[in-house]
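So the structure is just underneath, and the comments pick up after that.
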Amino acid sequence: MTWRQDKTLWGLTIGLVALLLLNFVVPDWFRSILTLSLARGSVALGLLVLWRCGLISFGHALYFGFGAYTVGLMSRYLGITDAFLTIACGVVTAGLLAYGLGFLLRQYRGIFFALLNMAFSMILYGVLAKLEELGSTDGISLETTTYLWYAPLGAENKTALFVFAVILTWGVAVLVHLYLRSTLGNMTTAVRENEIRLGYLGYSGERAVHAKFVVSGLLGGFGGAIAALTIGHVDPDSMVYWPVSGDFVFIAILSGTGNVTAPFIGALIYELIRTYAFDKFPEIWQLIMGGTLLAIIMFLPNGLWSLVDRWRGRRAAGAGLRAGKEEA
């Protein structure tokens with residue numbers, strides 16, 4: 001399938017152009033929501049990669065926080081504020097962590113895999129909360145972000161970060177889409193459906209899971225680095241604590257796994273619901289979030305993207321019916 005025939009690549013490109021145009025009309029607060037949606041959507045995209053293997057992680061705040069704290073520590077101790085370098089380091093450190101832990105976690109499936117990830121994330125939370133050198137519970141404030149020696153101030157910095165994040169996220173989403181279309185990427189479904197048969201064909205299910213776990217960790221680190229630059233502060237409660245991992249699972253369930261675009265749409269809807277629920281109903285906003293998740297599970301068990309799949313199915317059925325009538 002060529003670029004011209006790939007609807008997903010076209011959809012991602014249209015989304016890129018739309019977000020860049022929105023940059024000129026939306027207020028600063030909504031621009032921040034969009035940037036955070038890109039960050040959280042990137043982590044949920046990592047969960048999508050695992051989910052297609054039949055695996056789910058309850059501890060992906062580990063990689064999100066690792067990427068965020070890499071950015072924070074570079075700013076605090078090394079004085080490095082360049083967005084290109086800090087994001088790259090955040091992605092690499094989270095990927096290396098996922099690679100190391102993958103040798104253990106690739107041996108487990110189901111609830112054991114999910115809870116082991118959560119256990120490691122809570123270990124990191126304890127370390128970050130206790131060590132003063134890592135900011136303890138107060139966290140670390142970041143210096144003004146620079147872009148190859150260019151340092152925009154105030155609102156211009158947030159605008160530059162948004163454009164930067166949009167372009168980078170588009171590139172990441174395209175790479176993940178191409179990866180999932182590759183031979184190694186297609187093994188995700190094989191691992192989920194019948195890992196034993198996959199072994200008979202000469203492929204290692206554990207190695208396939210390890211590779212996808214590293215990809216998922218890289219995406220988590222990327223999202224954490226973007227979030228750290230957007231917020232300008234990192235702390236254990238907002239970056240590593242277990243409810244943060246729950247947010248990513250919420251987004252993954254909300255969006256579904258049908259397409260790499262879905263996690264970003266789900267992340268934006270999640271951020272909007274949470275923002276407005278907290279603003280209008282501060283005493284029951286968690287009830288609203290829980291009710292939303294319950295409704296999705298009951299009425300759209302395959303996530304919001306299943307609506308797109310249904311629409312495509314009806315359109316194809318209608319086209320087939322019209323073609324049959326013409327032949328008759």
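Every chain in the structure tokens has a letter given in the order shown (A, B, ...), and although residue numbers restart at 1 in each chain, ligands are simply numbered from 1 in the order shown.
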Kindly assemble as a Markdown table a list of the segment 213-324 of chain A residues that lie within 12 Å of segment 11-14 of chain A, each paired with its nearest atom pair and their distance in Å to one decimal, using only C-alpha atoms, sorted first by chain and then by ascending residue number.
| residue | atom | partner | partner_atom | distance |
| --- | --- | --- | --- | --- |
| A:Asn259 | CA | A:Gly11 | CA | 10.4 |
| A:Val260 | CA | A:Leu12 | CA | 8.8 |
| A:Thr261 | CA | A:Leu12 | CA | 6.8 |
| A:Ala262 | CA | A:Leu12 | CA | 10.4 |
| A:Phe264 | CA | A:Leu12 | CA | 10.3 |
| A:Ile265 | CA | A:Leu12 | CA | 11.2 |
- Task: Find the spatial neighbours of Ala94 of chain A, counting only C-alpha atoms, within a cut-off of 7 Å - ignore same-chain residues fewer than 2 positions away - and output them as a PyMOL selection string.
- Result: chain A and resi 63+66-67+90-92+96-98+217-218+221
- Query: Can you list, as an MDAnalysis selection string, every protein, DNA or RNA residue that comes within 8 Å of Phe213 of chain A when you count only C-alpha atoms, leaving out same-chain residues fewer than 5 positions away?
  - Reply: chainID A and resid 50 98:99 102
- Note on the structure: Of A:Thr189, A:Ser238, A:Ser306, A:Ser216, the one nearest to Leu47 of chain A when counting only C-alpha atoms is A:Ser216
- Message: Given only C-alpha atoms as the basis, pick out the residue of A:Gly185, A:Gly220, A:Ser75, A:Val166 nearest to Val244 of chain A.
- Response: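 Comparing A:Gly185, A:Gly220, A:Ser75, A:Val166 against Val244 of chain A, the winner is A:Gly220.
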- Note on the structure: For Thr257 of chain A, the closest of A:Ala44, A:Arg207, A:Phe164, A:Met74 counting only C-alpha atoms is A:Ala44
- Determine, counting only C-alpha atoms, which protein, DNA and RNA residues have an atom within 8 Å of an atom of Leu34 of chain A; residues of the same chain fewer than 4 positions away are not included. Present the result as a ChimeraX atom specification. /A:30,38,162,268
- From the set A:Leu142, A:Ala39, A:Ala277, A:Met122, which residue has the shortest atom-to-atom contact distance to Ile80 of chain A, counting only C-alpha atoms? A:Leu142
